[in-house]
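Since the structure comes first, as structure tokens, the remarks are kept for the end.
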Amino acid sequence: MARLRLSKRAIGKVSAAVAVIVIVVIAAVAGYMLYKPPVTPTETTTSEAPGPTTLVVDKANELQSVDPAFDYEYAGWEVIANLYDTLITYNKTDSSKFMGVLATDWSSSPDGMVYTFKLRQGVKFSNGDPFDANAVKYSFDRVVKMNQPPSWILSQSLNLDSVKVVDPYTVEIDLTRPYTAFLATMTTMVASIVDPIAVDAHGGVVANATNTWMDSNVVGTAPFVLQEWIKGDHLTMARNPNYWGTPPKLEKVILYYKTSVQTRLVDLKSGFAQIAIVDINHVSDVQSVEGIQIQSLGVSAHIDFIYFNVKIAPFNNTLARQAVVHAINYEAIMSGINHNLTVRYTGPFCDGLEGYDMSLAPATYDPTLAKQLLAQAGYPDGAGFPTISYLYYSRDASVALIAQEVQQDLANIGINVNLLGVSFSTYINKILAGPKDVPEMGWTEWYADYLSPDDFVVPFANPDFPPVGWNPAYYSNPQVTKLYTDAPYNPDAAARLQMYHSITSTMNEDAPYAWLGQFTSYQVFRSNVHGIYNNVILGPANSLDYSTIYLTAT
């Protein structure tokens with residue numbers, strides 16, 4: 001979810017705070033260590049005979065909105081990334097470097113407080129309206145003013161006075177603080193540039209509110225336009241006739257939303273779909289199928305974990321949370337359920353980020369210790385421990401199997417668990433119901449918005465959730481808050497590292513979450529699909545940049 005990156009989160013009008021779903025790598029500035037997943041694109045030569053120009057993709061989860069100021073989940077960020085442009089993005093073959101999109105050049109002041117962007121001239125929105133500096137200011141101000149879940153990505157360093165129009169093709173951005181990951185935030189989907197004329201003609205910008213028209217309509221500058229969205233069935237993107245760059249080879253991309261992995265497998269094997277989301281439990285079903293390829297993209301920053309609602313009994317008791325952390329059979333989940341496509345990590349930061357503490361081992365499966373901690377919490381052998389609900393949504397079979405494993409593991413120490421498997425939209429509504437009404441524990445996931453340590457702690461520990469971030473545990477600790485508030489703005493790399501290590505040790509002692517696994521990314525597609533690359537912004541396991549993809553004859 002995008003970010004969930006959860007898996008990005010997914011957000012409806014009344015439920016909008018998933019983590020998405022999206023992986024973004026920060027620039028090599030201020031000493032940040034870069035996470036560089038291997039770039040293994042499919043062959044990109046166009047010497048083959050031309051093939052069809054309509055791509056069919058089977059997806060598991062449907063997006064909630066196409067408004068970049070509102071949507072905050074990986075399914076939506078993928079579509080938004082193909083319909084809207086940002087000022088900058090990442091080099092497709094070197095994720096340590098930025099490249100211009102709507103900006104052709106940029107620079108920063110020596111103190112890191114002021115950024116100046118030179119904009120691309122002659123660009124038009126898909127309806128013919130002109131793109132200029134005013135559109136940039138309007139878009140960023142809109143995000144801050146609307147104050148929806150992804151807004152924190154920009155508002156942590158911008159306010160309504162930050163963006164200044166220098167001339168029609170120059171903008172100056174004055175940061176509220178010298179934020180070392182600022183350029184990385186400019187690549188995220190919340191930083192997409194919208195058409196001020198179109199937005200003002202359809203409701204404009206209202207403080208602390210969404211725009212219904214923007215939820216399902218798009219006027220952008222990207223390679224594709226939104227042609228059709230039949231909710232519950234499919235979404236069609238068509239080539240943008242007013243696109244400023246090299247037109248994509250695909251004329252249309254049709255995303256079908258099919259919750260059944262068996263249906264997606266049938267479509268992929270038959271050739272109806274050229275790309276499909278294949279659950280980790282079913283990768284083996286296509287490993288030896290002629291005409292189907294599985295492309296490994298390396299360990300990603302997509303993580304999953306279990307939350308404990310720290311605001312209500314019994315998990316307002318730290319010892320009770322610690323007991324459950326040690327009651328979970330992690331190896332059974334990693335190898336037996338996830339088929340070794342996930343690896344253990346010690347949160348909140350995943351391995352590869354600045355701040356990851358290599359000296360700390362992940363939590364151990366230790367039923368004896370779990371029973372001791374449970375007794376210390378006042379529940380010897382589980383006596384008096386209330387039956388608890390475990391919330392999860394139907395992303396794929398592995399999530400349900402993890403729920404069953406956790407149910408059995410907790411039964412082994414005397415805790416009864418009621419499994420609550422729901423649809424994604426119902427899941428979001430329950431998470432946003434407020435700390436008194438959120439189920440006691442549950443499964444969740446996170447796709448990075450941008451690969452900076454603060455993106456892995458603010459969403460999980462922010463006391464203001466909602467609307468900021470993704471904190472289903474409703475966890476907050478003043479010590480952690482101060483550390484993550486100060487760390488990204490500290491120019492001393494050694495001091496920053498120590499602050500992040502302190503966050504890790506404190507959060508692991510507090511145990512608001514049980515960290516499960518860090519995912520290996522892969523794509524499954526027909527052999528006539530070419531041009532897939534490891535898009536670090538979108539999270540390659542679930543999202544794609546369709547502008548680089550083309551098809552050859554079968």
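Just remember, in the structure tokens the first chain shown is A, the second B, etc., residues are 1-based per chain, and ligands are 1-based in the order shown.
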
Exercise: range 503-513 of chain A partners within 7 Å, only C-alpha atoms, chain neighbours under 6 positions left out, as a compact mmCIF listing (two decimals) with N, CA, C and O atoms, in the first residue's frame:
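The resulting file, selection21.txt, is shown below:
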# COMPACT_ATOMS: atom_id res chain seq x y z
N PHE A 305 4.52 -6.38 7.47
CA PHE A 305 4.69 -6.44 8.91
C PHE A 305 3.32 -6.56 9.57
O PHE A 305 2.28 -6.45 8.91
N ILE A 306 3.32 -6.81 10.85
CA ILE A 306 2.09 -6.92 11.63
C ILE A 306 2.02 -5.76 12.60
O ILE A 306 3.02 -5.42 13.25
N TYR A 307 0.87 -5.12 12.67
CA TYR A 307 0.69 -4.01 13.60
C TYR A 307 -0.03 -4.49 14.85
O TYR A 307 -0.79 -5.47 14.83
N PHE A 308 0.18 -3.79 15.96
CA PHE A 308 -0.57 -3.98 17.20
C PHE A 308 -1.19 -2.63 17.57
O PHE A 308 -0.49 -1.63 17.65
N VAL A 310 -1.86 -0.10 19.78
CA VAL A 310 -1.30 0.19 21.11
C VAL A 310 -2.24 1.03 21.97
O VAL A 310 -1.94 1.26 23.15
N THR A 318 2.98 -3.23 26.71
CA THR A 318 4.18 -3.49 25.92
C THR A 318 4.62 -4.94 26.01
O THR A 318 5.03 -5.55 25.01
N ARG A 321 2.72 -7.13 23.66
CA ARG A 321 3.18 -6.99 22.27
C ARG A 321 4.49 -7.75 22.06
O ARG A 321 4.67 -8.44 21.05
N GLN A 322 5.41 -7.62 23.01
CA GLN A 322 6.68 -8.32 22.90
C GLN A 322 6.48 -9.83 22.88
O GLN A 322 7.17 -10.55 22.15
N GLY A 347 13.09 -3.67 11.37
CA GLY A 347 12.48 -2.38 11.07
C GLY A 347 12.77 -1.33 12.11
O GLY A 347 13.43 -1.59 13.11
N PRO A 348 12.28 -0.10 11.83
CA PRO A 348 11.37 0.25 10.75
C PRO A 348 12.04 0.42 9.38
O PRO A 348 11.36 0.43 8.36
N ALA A 473 -0.92 1.11 13.87
CA ALA A 473 -0.73 0.81 15.29
C ALA A 473 -1.12 1.99 16.17
O ALA A 473 -1.23 1.83 17.38
N TYR A 475 0.75 4.26 16.94
CA TYR A 475 1.91 4.34 17.83
C TYR A 475 2.55 5.71 17.78
O TYR A 475 2.66 6.32 16.71
N VAL A 480 11.02 9.08 19.76
CA VAL A 480 11.10 8.73 18.35
C VAL A 480 10.69 9.92 17.48
O VAL A 480 11.33 10.21 16.47
N LEU A 483 13.50 12.37 17.24
CA LEU A 483 14.60 11.85 16.44
C LEU A 483 14.29 11.93 14.95
O LEU A 483 15.12 12.38 14.15

Out of range 365-483 of chain A, which residues get strand (DSSP E or B) from DSSP, as a ChimeraX atom specification?
/A:388-393,417-422,441-446,451

Point out the residue among A:Ile275, A:Ala433, A:Leu255, A:Val406 with the least atom-to-atom distance to Gln293 in chain A, counting only C-alpha atoms.
A:Ile275

Interatomic distance, CA of His501 in chain A to CA of Ser476 in chain A (Å, one decimal):
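Pair CA of His501 in chain A / CA of Ser476 in chain A returns 17.0 Å.
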
So which one's closest to Ser543 in chain A, A:Lys252, A:Lys231, A:Lys59, A:Arg120? Using only C-alpha atoms, please.
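Of the candidates, the smallest distance to Ser543 in chain A is held by A:Lys59.
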
I'd like the neighbourhood of Asn471 in chain A as a list in words, where a residue qualifies if any of its atoms comes within 7 Å (using only C-alpha atoms), though same-chain residues fewer than 5 positions away should be ignored.
Pro459, Phe460, Ala461, Asn462 and Phe465 of chain A

Rank A:Leu160, A:Val205, A:Ile230, A:Val114 by their smallest atom-to-atom distance to Asp141 in chain A, using only C-alpha atoms, and report the top residue only.
A:Leu160

Residues of range 275-336 of chain A in alpha helix (DSSP H) according to DSSP, as a ChimeraX atom specification?
/A:318-327,330-331

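Our summary of the geometry notes that CA of Pro367 in chain A is positioned 26.2 Å from CA of Asp351 in chain A.
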
Near Tyr484 in chain A, counting only C-alpha atoms, which residues have an atom at most 9 Å away, once you skip same-chain residues fewer than 5 positions from it, shown as a list in words?
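These residues fall inside the cut-off: Pro453, Asp454, Val457, Val458, Gln479, Met499, Tyr500 and Ile503 of chain A.
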
What does the structure give for the distance between CA of Asp304 in chain A and CA of Ala184 in chain A, in Å to one decimal?
22.8 Å

Do a neighbour search on Leu87 in chain A at 6 Å with only C-alpha atoms, toss out local chain neighbours closer than 4 positions, and write the hits as a PyMOL selection string.
chain A and resi 101-103

Excluding same-chain residues fewer than 4 positions from Leu551 in chain A, what lies within 7 Å of it counting only C-alpha atoms, as a PDB file with all heavy atoms, in the first residue's frame?
ATOM      1  N   GLY A  51       4.719  -5.470 -33.569  1.00  0.00           N
ATOM      2  CA  GLY A  51       3.656  -6.283 -33.018  1.00  0.00           C
ATOM      3  C   GLY A  51       2.423  -5.451 -32.734  1.00  0.00           C
ATOM      4  O   GLY A  51       2.295  -4.320 -33.215  1.00  0.00           O
ATOM      5  N   PRO A  52       1.504  -5.992 -31.953  1.00  0.00           N
ATOM      6  CA  PRO A  52       0.287  -5.258 -31.610  1.00  0.00           C
ATOM      7  C   PRO A  52       0.613  -4.008 -30.802  1.00  0.00           C
ATOM      8  O   PRO A  52       1.688  -3.905 -30.211  1.00  0.00           O
ATOM      9  CB  PRO A  52      -0.518  -6.273 -30.803  1.00  0.00           C
ATOM     10  CG  PRO A  52       0.492  -7.254 -30.319  1.00  0.00           C
ATOM     11  CD  PRO A  52       1.553  -7.325 -31.358  1.00  0.00           C
ATOM     12  N   THR A  53      -0.301  -3.080 -30.780  1.00  0.00           N
ATOM     13  CA  THR A  53      -0.068  -1.809 -30.082  1.00  0.00           C
ATOM     14  C   THR A  53      -1.003  -1.618 -28.895  1.00  0.00           C
ATOM     15  O   THR A  53      -1.040  -0.543 -28.310  1.00  0.00           O
ATOM     16  CB  THR A  53      -0.242  -0.629 -31.052  1.00  0.00           C
ATOM     17  OG1 THR A  53      -1.549  -0.676 -31.633  1.00  0.00           O
ATOM     18  CG2 THR A  53       0.817  -0.661 -32.133  1.00  0.00           C
ATOM     19  N   ASN A 528       6.673 -11.801 -25.792  1.00  0.00           N
ATOM     20  CA  ASN A 528       6.696 -10.746 -26.808  1.00  0.00           C
ATOM     21  C   ASN A 528       6.595  -9.353 -26.193  1.00  0.00           C
ATOM     22  O   ASN A 528       6.429  -8.360 -26.901  1.00  0.00           O
ATOM     23  CB  ASN A 528       5.578 -10.946 -27.829  1.00  0.00           C
ATOM     24  CG  ASN A 528       4.187 -10.744 -27.249  1.00  0.00           C
ATOM     25  OD1 ASN A 528       3.923 -11.124 -26.111  1.00  0.00           O
ATOM     26  ND2 ASN A 528       3.296 -10.148 -28.024  1.00  0.00           N
ATOM     27  N   VAL A 529       6.722  -9.264 -24.868  1.00  0.00           N
ATOM     28  CA  VAL A 529       6.731  -7.982 -24.168  1.00  0.00           C
ATOM     29  C   VAL A 529       8.173  -7.540 -23.981  1.00  0.00           C
ATOM     30  O   VAL A 529       9.025  -8.320 -23.539  1.00  0.00           O
ATOM     31  CB  VAL A 529       6.035  -8.087 -22.800  1.00  0.00           C
ATOM     32  CG1 VAL A 529       6.136  -6.767 -22.042  1.00  0.00           C
ATOM     33  CG2 VAL A 529       4.575  -8.485 -22.978  1.00  0.00           C
ATOM     34  N   HIS A 530       8.469  -6.297 -24.302  1.00  0.00           N
ATOM     35  CA  HIS A 530       9.825  -5.766 -24.198  1.00  0.00           C
ATOM     36  C   HIS A 530       9.791  -4.375 -23.553  1.00  0.00           C
ATOM     37  O   HIS A 530       8.782  -3.690 -23.611  1.00  0.00           O
ATOM     38  CB  HIS A 530      10.470  -5.661 -25.584  1.00  0.00           C
ATOM     39  CG  HIS A 530      10.390  -6.925 -26.384  1.00  0.00           C
ATOM     40  ND1 HIS A 530      11.352  -7.905 -26.355  1.00  0.00           N
ATOM     41  CD2 HIS A 530       9.421  -7.371 -27.240  1.00  0.00           C
ATOM     42  CE1 HIS A 530      11.000  -8.897 -27.157  1.00  0.00           C
ATOM     43  NE2 HIS A 530       9.836  -8.592 -27.708  1.00  0.00           N
TER      44      HIS A 530
END

For Asn208 in chain A, which of A:Phe98, A:Val225, A:Asp161, A:Phe70 is the closest residue, counting only C-alpha atoms?
A:Phe70

Nearest to Thr210 in chain A: which of A:Val438, A:Val143, A:Ala323, A:Val79 is it, counting only C-alpha atoms?
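Under the stated criterion, the closest residue is A:Val143.
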
Just the residues within 9 Å of Asn416 in chain A, please, counting only C-alpha atoms, with nothing from its chain fewer than 6 positions along; format it as a VMD selection string.
chain A and resid 382 385 to 389 407 to 408 410
